[in-house]
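Source file: model-v8.tsv (TSV, C-alpha atoms and all ligand atoms)
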```
chain	number	residue	atom	x	y	z
S	222	MET	CA	1.04	-66.77	42.90
S	223	GLU	CA	-1.30	-69.70	43.45
S	224	THR	CA	-4.62	-69.42	41.58
S	225	LYS	CA	-7.49	-70.44	43.88
S	226	ARG	CA	-10.52	-72.22	42.48
S	227	LEU	CA	-13.61	-70.71	44.14
S	228	THR	CA	-17.16	-72.10	43.92
S	229	ASP	CA	-20.69	-70.75	44.37
S	230	THR	CA	-20.73	-70.80	48.19
S	231	PRO	CA	-21.49	-67.50	49.96
S	232	ALA	CA	-18.01	-67.53	51.56
S	233	ASP	CA	-16.29	-67.95	48.18
S	234	LEU	CA	-18.45	-65.22	46.60
S	235	GLN	CA	-17.35	-62.87	49.36
S	236	LYS	CA	-13.71	-63.82	48.73
S	237	ALA	CA	-14.10	-63.02	45.03
S	238	ALA	CA	-15.86	-59.73	45.81
S	239	LYS	CA	-13.14	-58.73	48.26
S	240	LEU	CA	-10.38	-59.41	45.75
S	241	LEU	CA	-12.24	-57.35	43.12
S	242	ARG	CA	-12.86	-54.45	45.49
S	243	SER	CA	-9.16	-54.36	46.38
S	244	GLY	CA	-8.12	-54.02	42.73
S	245	GLU	CA	-7.29	-57.69	42.05
S	246	LEU	CA	-8.37	-59.88	39.13
S	247	VAL	CA	-10.86	-62.75	39.34
S	248	ALA	CA	-11.90	-64.95	36.42
S	249	ILE	CA	-15.69	-65.28	36.47
S	250	PRO	CA	-18.16	-67.53	34.65
S	251	THR	CA	-20.69	-66.05	32.24
S	252	GLU	CA	-23.15	-67.77	29.92
S	253	THR	CA	-20.98	-66.87	26.90
S	254	VAL	CA	-17.37	-67.53	27.98
S	255	TYR	CA	-15.37	-66.97	31.18
S	256	GLY	CA	-14.32	-63.35	31.75
S	257	LEU	CA	-11.19	-61.96	33.43
S	258	ALA	CA	-12.77	-59.36	35.72
S	259	ALA	CA	-11.55	-56.22	37.48
S	260	ASN	CA	-13.25	-53.17	38.99
S	261	ALA	CA	-14.18	-51.19	35.85
S	262	LEU	CA	-13.92	-47.87	37.69
S	263	ASP	CA	-10.30	-48.48	38.79
S	264	GLY	CA	-7.83	-47.80	35.97
S	265	GLY	CA	-4.98	-49.47	37.86
S	266	ALA	CA	-6.97	-52.69	38.35
S	267	VAL	CA	-7.93	-52.68	34.66
S	268	ARG	CA	-4.26	-52.37	33.63
S	269	ARG	CA	-3.63	-55.70	35.39
S	270	ILE	CA	-6.05	-57.38	32.96
S	271	PHE	CA	-3.96	-56.31	29.97
S	272	ALA	CA	-0.77	-57.53	31.69
S	273	ALA	CA	-2.23	-60.92	32.71
S	274	LYS	CA	-3.61	-61.65	29.21
S	275	GLY	CA	-0.82	-60.08	27.17
S	276	ARG	CA	-3.58	-58.07	25.48
S	277	PRO	CA	-2.81	-55.23	23.03
S	278	GLN	CA	-3.38	-51.89	24.81
S	279	ASP	CA	-5.64	-50.55	22.06
S	280	ASN	CA	-8.30	-53.27	22.41
S	281	PRO	CA	-11.10	-51.98	24.71
S	282	LEU	CA	-12.98	-54.03	27.33
S	283	ILE	CA	-16.63	-54.80	28.01
S	284	VAL	CA	-18.13	-53.45	31.26
S	285	HIS	CA	-20.49	-55.91	32.99
S	286	ILE	CA	-23.45	-54.78	35.10
S	287	ALA	CA	-26.12	-56.69	37.03
S	288	ASP	CA	-28.98	-54.18	37.12
S	289	MET	CA	-30.36	-51.56	34.75
S	290	GLU	CA	-29.76	-48.67	37.23
S	291	GLU	CA	-26.02	-49.20	36.80
S	292	LEU	CA	-26.11	-48.22	33.11
S	293	PRO	CA	-26.85	-44.45	33.03
S	294	PRO	CA	-23.79	-43.40	35.10
S	295	LEU	CA	-21.48	-45.26	32.69
S	296	VAL	CA	-22.74	-43.72	29.44
S	297	ALA	CA	-23.35	-40.26	27.96
S	298	GLU	CA	-26.91	-41.23	27.01
S	299	VAL	CA	-29.11	-44.31	26.72
S	300	PRO	CA	-30.57	-44.21	23.19
S	301	GLU	CA	-34.14	-45.48	22.73
S	302	LEU	CA	-32.79	-48.26	20.52
S	303	ALA	CA	-30.61	-49.49	23.39
S	304	GLU	CA	-33.53	-49.39	25.80
S	305	LYS	CA	-35.58	-51.59	23.47
S	306	LEU	CA	-32.76	-54.07	22.96
S	307	ALA	CA	-32.01	-54.20	26.69
S	308	LYS	CA	-35.65	-54.88	27.44
S	309	ALA	CA	-35.68	-57.76	24.96
S	310	TYR	CA	-32.25	-59.35	25.51
S	311	TRP	CA	-30.75	-58.30	28.86
S	312	PRO	CA	-29.68	-60.12	30.87
S	313	GLY	CA	-28.07	-62.16	28.10
S	314	PRO	CA	-25.33	-62.51	25.47
S	315	LEU	CA	-25.66	-58.99	24.06
S	316	THR	CA	-23.07	-56.19	24.35
S	317	MET	CA	-24.00	-52.66	23.31
S	318	ILE	CA	-21.62	-49.82	22.40
S	319	PHE	CA	-22.56	-46.42	23.90
S	320	ARG	CA	-20.93	-43.02	24.04
S	321	LYS	CA	-19.09	-43.16	27.35
S	322	SER	CA	-19.37	-41.00	30.45
S	323	ALA	CA	-16.43	-39.42	32.28
S	324	ARG	CA	-16.54	-42.24	34.88
S	325	ILE	CA	-15.08	-44.76	32.42
S	326	PRO	CA	-11.28	-44.89	32.78
S	327	ASP	CA	-9.29	-44.63	29.54
S	328	GLU	CA	-7.86	-48.08	30.26
S	329	VAL	CA	-11.34	-49.59	29.72
S	330	SER	CA	-12.19	-47.79	26.48
S	331	ALA	CA	-8.61	-47.87	25.14
S	332	GLY	CA	-8.84	-44.19	24.32
S	333	LEU	CA	-12.14	-44.46	22.34
S	334	SER	CA	-15.06	-42.12	23.11
S	335	THR	CA	-17.36	-45.14	23.44
S	336	VAL	CA	-17.83	-47.94	25.97
S	337	ALA	CA	-19.15	-51.50	25.59
S	338	VAL	CA	-21.66	-52.63	28.24
S	339	ARG	CA	-23.27	-56.03	28.86
S	340	MET	CA	-25.60	-57.47	31.50
S	341	PRO	CA	-24.79	-61.19	31.71
S	342	PHE	CA	-27.42	-63.83	32.51
S	343	HIS	CA	-25.27	-66.33	34.44
S	344	PRO	CA	-26.45	-66.26	38.10
S	345	LEU	CA	-22.90	-66.39	39.49
S	346	ALA	CA	-21.79	-63.53	37.25
S	347	ARG	CA	-24.69	-61.44	38.51
S	348	ALA	CA	-24.03	-62.44	42.11
S	349	VAL	CA	-20.36	-61.49	41.97
S	350	ILE	CA	-21.07	-58.11	40.32
S	351	ARG	CA	-23.59	-57.36	43.08
S	352	ALA	CA	-21.29	-58.60	45.84
S	353	ALA	CA	-18.39	-56.50	44.53
S	354	GLY	CA	-20.70	-53.48	44.34
S	355	VAL	CA	-18.97	-52.12	41.22
S	356	PRO	CA	-19.29	-52.74	37.47
S	357	LEU	CA	-16.71	-55.26	36.25
S	358	ALA	CA	-14.54	-54.82	33.16
S	359	ALA	CA	-13.88	-58.25	31.67
S	360	PRO	CA	-12.45	-59.58	28.43
S	361	SER	CA	-12.49	-63.32	27.77
S	362	ALA	CA	-10.20	-65.01	30.34
S	363	ASN	CA	-7.76	-66.57	27.85
S	364	LEU	CA	-4.19	-65.57	27.01
S	365	SER	CA	-4.47	-63.09	24.15
S	366	GLY	CA	-4.74	-65.01	20.87
S	367	SER	CA	-5.82	-68.40	22.26
S	368	PRO	CA	-9.39	-69.77	22.16
S	369	SER	CA	-11.82	-68.26	24.68
S	370	PRO	CA	-12.35	-70.37	27.83
S	371	THR	CA	-15.70	-72.06	28.42
S	372	THR	CA	-14.71	-73.95	31.60
S	373	ALA	CA	-12.71	-73.13	34.74
S	374	ALA	CA	-10.17	-75.74	33.58
S	375	HIS	CA	-9.64	-73.78	30.33
S	376	VAL	CA	-9.06	-70.63	32.40
S	377	LEU	CA	-6.52	-72.42	34.58
S	378	ALA	CA	-4.72	-73.83	31.53
S	379	ASP	CA	-3.98	-70.24	30.44
S	380	MET	CA	-4.02	-68.23	33.67
S	381	ALA	CA	-2.78	-70.47	36.53
S	382	GLY	CA	-0.13	-68.50	38.43
S	383	ARG	CA	-1.09	-65.22	36.75
S	384	ILE	CA	-4.30	-64.38	38.70
S	385	PRO	CA	-5.38	-64.92	42.32
S	386	ALA	CA	-8.67	-66.76	41.67
S	387	VAL	CA	-11.16	-68.31	39.27
S	388	LEU	CA	-14.82	-68.67	40.20
S	389	ASP	CA	-16.05	-72.02	38.86
S	390	GLY	CA	-19.59	-71.81	37.44
S	391	GLY	CA	-19.54	-74.87	35.19
S	392	MET	CA	-19.38	-74.97	31.39
S	393	SER	CA	-20.61	-71.81	29.65
S	394	ALA	CA	-24.01	-72.48	28.10
S	395	VAL	CA	-23.71	-70.35	24.95
S	396	GLY	CA	-20.01	-71.03	24.38
S	397	VAL	CA	-19.08	-68.12	22.08
S	398	GLU	CA	-18.64	-64.49	23.12
S	399	SER	CA	-21.54	-62.07	23.19
S	400	THR	CA	-23.06	-60.36	20.19
S	401	VAL	CA	-21.54	-56.84	19.94
S	402	VAL	CA	-23.70	-54.08	18.44
S	403	ASP	CA	-23.14	-50.38	18.07
S	404	VAL	CA	-26.34	-48.62	19.19
S	405	THR	CA	-25.18	-45.03	18.68
S	406	GLY	CA	-26.85	-44.83	15.22
S	407	PRO	CA	-30.44	-45.28	13.90
S	408	VAL	CA	-30.17	-49.08	13.44
S	409	PRO	CA	-28.01	-51.52	15.38
S	410	CYS	CA	-24.73	-52.25	13.63
S	411	LEU	CA	-23.44	-55.77	14.26
S	412	LEU	CA	-19.71	-55.81	15.01
S	413	ARG	CA	-19.39	-59.37	16.36
S	414	PRO	CA	-22.01	-62.13	15.96
S	415	GLY	CA	-23.05	-64.19	19.00
S	416	GLY	CA	-26.04	-65.73	20.74
S	417	ILE	CA	-28.35	-62.85	19.82
S	418	THR	CA	-28.70	-63.29	16.04
S	419	PRO	CA	-29.13	-60.57	13.37
S	420	ALA	CA	-32.78	-61.69	12.97
S	421	MET	CA	-33.37	-61.28	16.72
S	422	LEU	CA	-31.88	-57.77	16.60
S	423	ALA	CA	-33.94	-56.81	13.54
S	424	ALA	CA	-37.13	-58.17	15.13
S	425	VAL	CA	-36.80	-55.58	17.92
S	426	ALA	CA	-35.02	-52.72	16.13
S	427	GLY	CA	-36.79	-52.86	12.76
S	428	GLY	CA	-33.47	-53.41	10.98
S	429	VAL	CA	-29.83	-54.30	11.43
S	430	SER	CA	-26.64	-53.65	9.51
S	431	VAL	CA	-23.79	-56.12	9.54
S	432	ASN	CA	-20.22	-54.83	9.47
S	433	PRO	CA	-18.40	-56.50	6.53
S	434	ALA	CA	-15.53	-57.50	8.84
S	435	VAL	CA	-17.85	-60.12	10.40
S	436	THR	CA	-17.23	-62.45	7.44
S	437	SER	CA	-14.31	-60.87	5.52
S	438	PRO	CA	-10.75	-59.97	6.40
S	439	LEU	CA	-10.27	-56.32	7.23
S	440	PRO	CA	-8.69	-54.62	4.17
S	441	LYS	CA	-5.02	-53.75	4.84
S	442	GLY	CA	-4.74	-50.37	6.52
S	443	ALA	CA	-8.53	-50.04	7.10
S	444	ALA	CA	-9.70	-48.79	10.50
S	445	ALA	CA	-11.58	-51.44	12.53
S	446	ALA	CA	-15.03	-50.44	13.84
S	447	SER	CA	-14.24	-52.74	16.73
S	448	PRO	CA	-10.53	-53.06	17.54
S	449	GLY	CA	-10.93	-56.80	18.25
S	450	MET	CA	-11.64	-57.37	14.54
S	451	LYS	CA	-8.09	-56.76	13.51
S	452	TYR	CA	-6.39	-59.34	15.71
S	453	LYS	CA	-5.87	-62.97	14.79
S	454	HIS	CA	-8.21	-64.54	17.30
S	455	TYR	CA	-9.17	-67.92	18.60
S	456	ALA	CA	-6.10	-69.40	17.03
S	457	PRO	CA	-5.12	-72.88	18.14
S	458	LYS	CA	-1.50	-73.88	17.48
S	459	ALA	CA	-2.77	-76.20	14.76
S	460	HIS	CA	-3.11	-75.01	11.15
S	461	VAL	CA	-6.90	-74.87	10.68
S	462	VAL	CA	-8.53	-74.88	7.21
S	463	LEU	CA	-12.30	-74.61	6.74
S	464	ILE	CA	-13.76	-77.07	4.22
S	465	ARG	CA	-17.08	-76.04	2.70
S	466	GLY	CA	-19.24	-78.68	1.04
S	467	THR	CA	-21.64	-81.60	1.46
S	468	PRO	CA	-20.83	-84.36	3.98
S	469	ALA	CA	-19.79	-86.66	1.11
S	470	ALA	CA	-17.51	-84.07	-0.51
S	471	TYR	CA	-15.97	-83.24	2.88
S	472	ALA	CA	-15.26	-86.90	3.65
S	473	ALA	CA	-13.77	-87.45	0.17
S	474	PHE	CA	-11.48	-84.43	0.57
S	475	VAL	CA	-10.30	-85.39	4.05
S	476	ASN	CA	-9.73	-89.04	3.11
S	477	SER	CA	-7.69	-87.98	0.07
S	478	ARG	CA	-5.24	-86.39	2.54
S	479	ARG	CA	-5.07	-89.37	4.91
S	480	ASN	CA	-1.39	-90.05	4.26
S	481	ASP	CA	-0.53	-86.66	5.77
S	482	PRO	CA	-0.79	-86.07	9.52
S	483	VAL	CA	-4.21	-84.42	9.40
S	484	THR	CA	-7.08	-84.26	11.89
S	485	ALA	CA	-10.74	-83.73	11.04
S	486	MET	CA	-12.99	-81.42	13.03
S	487	CYS	CA	-16.37	-82.60	11.86
S	488	PHE	CA	-20.05	-82.66	12.71
S	489	ASP	CA	-21.53	-85.31	15.03
S	490	GLY	CA	-22.84	-88.26	13.03
S	491	GLU	CA	-20.56	-87.59	10.04
S	492	GLU	CA	-17.42	-89.20	11.45
S	493	GLY	CA	-18.29	-92.70	10.19
S	494	ASN	CA	-16.86	-92.18	6.69
S	495	LEU	CA	-13.62	-90.56	7.81
S	496	ARG	CA	-10.33	-92.47	7.69
S	497	VAL	CA	-8.33	-89.92	9.73
S	498	PRO	CA	-8.41	-89.03	13.46
S	499	TYR	CA	-11.28	-86.67	14.25
S	500	ILE	CA	-13.05	-84.69	16.90
S	501	THR	CA	-16.66	-83.53	16.56
S	502	TYR	CA	-18.33	-80.25	17.51
S	503	GLY	CA	-22.10	-80.76	17.25
S	504	ARG	CA	-24.56	-81.78	14.54
S	505	ARG	CA	-24.50	-79.98	11.18
S	506	ASP	CA	-28.04	-78.64	11.75
S	507	ASP	CA	-27.47	-77.55	15.38
S	508	PRO	CA	-25.51	-74.26	15.48
S	509	ALA	CA	-26.28	-73.69	19.17
S	510	GLU	CA	-24.55	-76.98	20.04
S	511	GLN	CA	-21.63	-76.08	17.72
S	512	ALA	CA	-21.25	-72.75	19.55
S	513	HIS	CA	-21.36	-74.52	22.91
S	514	ARG	CA	-18.50	-76.85	21.92
S	515	VAL	CA	-16.36	-75.01	19.37
S	516	PHE	CA	-13.74	-73.49	21.70
S	517	ASP	CA	-13.34	-76.70	23.69
S	518	ALA	CA	-12.81	-78.52	20.39
S	519	LEU	CA	-10.11	-76.04	19.32
S	520	ARG	CA	-8.33	-76.48	22.66
S	521	ARG	CA	-8.52	-80.28	22.40
S	522	LEU	CA	-6.87	-80.12	18.97
S	523	ASP	CA	-3.87	-78.52	20.63
S	524	ASP	CA	-3.95	-81.06	23.47
S	525	ILE	CA	-3.61	-83.90	20.95
S	526	GLY	CA	-0.91	-81.98	19.06
S	527	ALA	CA	-2.89	-81.74	15.80
S	528	GLY	CA	-0.87	-80.32	12.89
S	529	THR	CA	-3.25	-79.57	10.02
S	530	VAL	CA	-6.97	-79.56	10.86
S	531	TYR	CA	-9.65	-79.80	8.18
S	532	CYS	CA	-12.74	-78.33	9.81
S	533	ALA	CA	-16.21	-78.88	8.32
S	534	CYS	CA	-17.57	-75.39	7.62
S	535	PRO	CA	-20.73	-74.43	9.55
S	536	SER	CA	-23.75	-72.71	8.04
S	537	GLU	CA	-23.91	-68.91	8.31
S	538	GLU	CA	-27.61	-69.01	9.24
S	539	GLY	CA	-28.84	-67.86	12.68
S	540	MET	CA	-26.34	-68.65	15.42
S	541	GLY	CA	-24.22	-70.37	12.78
S	542	LEU	CA	-22.89	-66.92	11.84
S	543	ALA	CA	-21.16	-66.66	15.22
S	544	VAL	CA	-19.56	-70.11	14.87
S	545	TYR	CA	-18.52	-69.34	11.28
S	546	ASN	CA	-17.02	-65.99	12.36
S	547	ARG	CA	-14.89	-67.66	15.09
S	548	LEU	CA	-13.74	-70.53	12.86
S	549	LEU	CA	-12.88	-68.15	10.00
S	550	ARG	CA	-10.52	-66.36	12.36
S	551	ALA	CA	-9.11	-69.61	13.75
S	552	ALA	CA	-8.44	-70.53	10.09
S	553	ALA	CA	-7.03	-67.06	9.28
S	554	PHE	CA	-9.74	-66.94	6.54
S	555	GLU	CA	-8.44	-70.05	4.73
S	556	VAL	CA	-11.51	-71.75	3.20
S	557	ILE	CA	-11.60	-74.49	0.53
S	558	ASP	CA	-14.81	-75.20	-1.44
S	559	VAL	CA	-15.06	-78.91	-2.22
S	560	ASP	CA	-18.47	-79.22	-3.89
S	561	GLY	CA	-18.40	-80.35	-7.54
M	601	LIG	O1	-19.19	-62.66	25.92
M	601	LIG	C1	-18.37	-61.76	26.01
M	601	LIG	O2	-18.49	-60.69	25.40
M	601	LIG	C2	-17.14	-62.01	26.92
M	601	LIG	C3	-17.67	-62.16	28.34
M	601	LIG	C4	-16.56	-62.26	29.34
M	601	LIG	O3	-18.55	-61.11	28.63
M	601	LIG	N1	-16.20	-60.96	26.80
M	601	LIG	C5	-15.45	-60.77	25.68
M	601	LIG	O4	-14.55	-59.73	25.77
M	601	LIG	O5	-15.54	-61.47	24.69
M	601	LIG	P1	-13.37	-59.51	24.75
M	601	LIG	O6	-12.58	-58.41	25.34
M	601	LIG	O7	-12.67	-60.79	24.50
M	601	LIG	O8	-14.06	-58.97	23.46
M	601	LIG	C6	-14.64	-57.68	23.46
M	601	LIG	C7	-14.82	-57.22	22.05
M	601	LIG	C8	-13.51	-56.92	21.37
M	601	LIG	O9	-13.57	-57.37	20.03
M	601	LIG	C9	-13.41	-55.39	21.45
M	601	LIG	O10	-12.65	-54.87	20.41
M	601	LIG	C10	-14.88	-55.01	21.36
M	601	LIG	O11	-15.58	-56.00	22.06
M	601	LIG	N2	-15.12	-53.69	21.99
M	601	LIG	C11	-15.00	-53.37	23.29
M	601	LIG	N3	-15.27	-52.07	23.49
M	601	LIG	C12	-15.57	-51.55	22.28
M	601	LIG	C13	-15.91	-50.24	21.80
M	601	LIG	N4	-16.00	-49.22	22.63
M	601	LIG	N5	-16.15	-50.09	20.48
M	601	LIG	C14	-16.06	-51.14	19.63
M	601	LIG	N6	-15.73	-52.40	20.02
M	601	LIG	C15	-15.49	-52.60	21.31
M	602	MG	MG	-11.51	-62.28	23.66
```
What does the file become when written as structure tokens?
Ligand code: TXA
Ligand code: MG
Amino acid sequence: METKRLTDTPADLQKAAKLLRSGELVAIPTETVYGLAANALDGGAVRRIFAAKGRPQDNPLIVHIADMEELPPLVAEVPELAEKLAKAYWPGPLTMIFRKSARIPDEVSAGLSTVAVRMPFHPLARAVIRAAGVPLAAPSANLSGSPSPTTAAHVLADMAGRIPAVLDGGMSAVGVESTVVDVTGPVPCLLRPGGITPAMLAAVAGGVSVNPAVTSPLPKGAAAASPGMKYKHYAPKAHVVLIRGTPAAYAAFVNSRRNDPVTAMCFDGEEGNLRVPYITYGRRDDPAEQAHRVFDALRRLDDIGAGTVYCACPSEEGMGLAVYNRLLRAAAFEVIDVDG
């Protein structure tokens, strides 16, 4: 099948909506990453998502809505905590886990009794949800295991020929997937860090707990609070190693390996001292910019056929936690400390 590239014209929006209503898949832009969308209330349509991505059947999907009235029918209850967080951060890069209602097909929740719901901010995402007239289930629109797509070109690199259409809404502003929090308990429990930081959650909720799997490998045999935690994610073909240390220690380490075929993935402005090929992903003190560029950088490493990549380790502060979490997984938790 030929994958059509649609744009933000009213005619193209109607085409996308029609495909979605008839049970087909459309890749859609959001402010976090592109999503591979299907009618969330149609189990058969949702099964196509798993087939197109090669996604493990036990990894549940996020349901996307455009307006607050769409939430109550999808969930067993809307806890007060969720109402507060929605008021503060929806529409935006926040996904909340609720107890699900009977309307959610098992294909969406992968057999769990809960459902993940998000109201995206991107105007085209909201327009296509409204035009389709149904909530949209959508994981990131990459092949399972490869970096999430932040442009329509990334989507096409993975999905051309596998889906009927991609709606082009430009480069995703945030660049990493949404923050995922469980809101079924007394305080929000962070399952995946993203654009809404732990401090932002705590400011509204009075507290926040962070699941240890955010920064550590899941112990062998342990149950994942969020099934996505247990898969090797965001993995480029290159062998990525995170290097933690000052700019000088990082440069010294990388340069000491310059006789091997290595590539540096470093911060903007710190490339001057490197004697190996490099790509940059934002300034050291600018985690929002790092988030915006990190997945594109990982894809470019594969485009240039990088073998071993020494990646300068980001800070875990604020939005840095989301970048760190993604890079840790890309590196399969391989981190080298290089400070004296
Ligand atoms: O920003 C995003 O969240 C993007 C855009 C398209 O909205 N979507 C996205 O979806 O990243 P996906 O499928 O790649 O990641 C969803 C994550 C997975 O780690 C999954 O395990 C978790 O959310 N998840 C989904 N439903 C869940 C549930 N009921 N309980 C716990 N975790 C859940
Ligand atoms: Mg994903």
Please indicate the distance in Å from CA of Leu241 (chain S) to CA of Met317 (chain S), rounded to one decimal place.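 Spanning CA of Leu241 (chain S) to CA of Met317 (chain S) is a straight-line distance of 23.5 Å.
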Using all atoms listed in the file, which residue out of S:Val284, S:Val425, S:Ala518, S:Ile384 lies closest to Ala261 (chain S)?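 Nearest candidate to Ala261 (chain S) out of S:Val284, S:Val425, S:Ala518, S:Ile384: S:Val284.
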What is the distance between CA of Ala348 (chain S) and CA of Asn280 (chain S), in Å to one decimal?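 CA of Asn280 (chain S) lies 26.8 Å from CA of Ala348 (chain S).
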Kindly indicate which residue among S:Pro385, S:Ser322, S:Thr484, S:Met340 lies nearest to Lys225 (chain S), using only C-alpha atoms for the distances.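 Going through S:Pro385, S:Ser322, S:Thr484, S:Met340 one by one, the smallest distance to Lys225 (chain S) is for S:Pro385.
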Need the shell around Gly416 (chain S): protein/DNA/RNA residues with any atom at most 7 Å away, counting only C-alpha atoms. Skip same-chain ones fewer than 2 positions apart. Format as a PyMOL selection string? chain S and resi 314+395+399-400+418+540
Would you put the residues from that selection into a file with C-alpha atoms, as a short mmCIF file (atom, residue, chain, number, x, y, z; two decimals), keeping the file's coordinate frame?
```
data_model
loop_
_atom_site.label_atom_id
_atom_site.label_comp_id
_atom_site.auth_asym_id
_atom_site.auth_seq_id
_atom_site.Cartn_x
_atom_site.Cartn_y
_atom_site.Cartn_z
CA PRO S 314 -25.33 -62.51 25.47
CA VAL S 395 -23.71 -70.35 24.95
CA SER S 399 -21.54 -62.07 23.19
CA THR S 400 -23.06 -60.36 20.19
CA THR S 418 -28.70 -63.29 16.04
CA MET S 540 -26.34 -68.65 15.42
#
```
Enumerate as a list in words the residues within 8 Å of ligand MG 602 (chain M), counting only C-alpha atoms and all ligand atoms.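 Every residue with an atom at most 8 Å from ligand MG 602 (chain M) is listed here: Pro360, Ser361, Ala362, Asn363, Ser365, Gly366, Pro368, Ser369, Glu398, Gly449, His454 and Tyr455 of chain S.
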Just the selected residues (C-alpha atoms), exported as a PDB file, keeping the file's coordinate frame, please.
```pdb
ATOM      1  CA  PRO S 360     -12.450 -59.580  28.430  1.00  0.00           C
ATOM      2  CA  SER S 361     -12.490 -63.320  27.770  1.00  0.00           C
ATOM      3  CA  ALA S 362     -10.200 -65.010  30.340  1.00  0.00           C
ATOM      4  CA  ASN S 363      -7.760 -66.570  27.850  1.00  0.00           C
ATOM      5  CA  SER S 365      -4.470 -63.090  24.150  1.00  0.00           C
ATOM      6  CA  GLY S 366      -4.740 -65.010  20.870  1.00  0.00           C
ATOM      7  CA  PRO S 368      -9.390 -69.770  22.160  1.00  0.00           C
ATOM      8  CA  SER S 369     -11.820 -68.260  24.680  1.00  0.00           C
ATOM      9  CA  GLU S 398     -18.640 -64.490  23.120  1.00  0.00           C
ATOM     10  CA  GLY S 449     -10.930 -56.800  18.250  1.00  0.00           C
ATOM     11  CA  HIS S 454      -8.210 -64.540  17.300  1.00  0.00           C
ATOM     12  CA  TYR S 455      -9.170 -67.920  18.600  1.00  0.00           C
TER      13      TYR S 455
END
```
Show me as JSON, numbers by chain the residues that reach within 10 Å of (-15.0, -83.3, 1.9), counting all atoms listed in the file and using the file's own coordinates. {"S": [464, 465, 466, 467, 468, 469, 470, 471, 472, 473, 474, 475, 476, 477, 495, 531, 532, 533, 557, 558, 559, 560]}
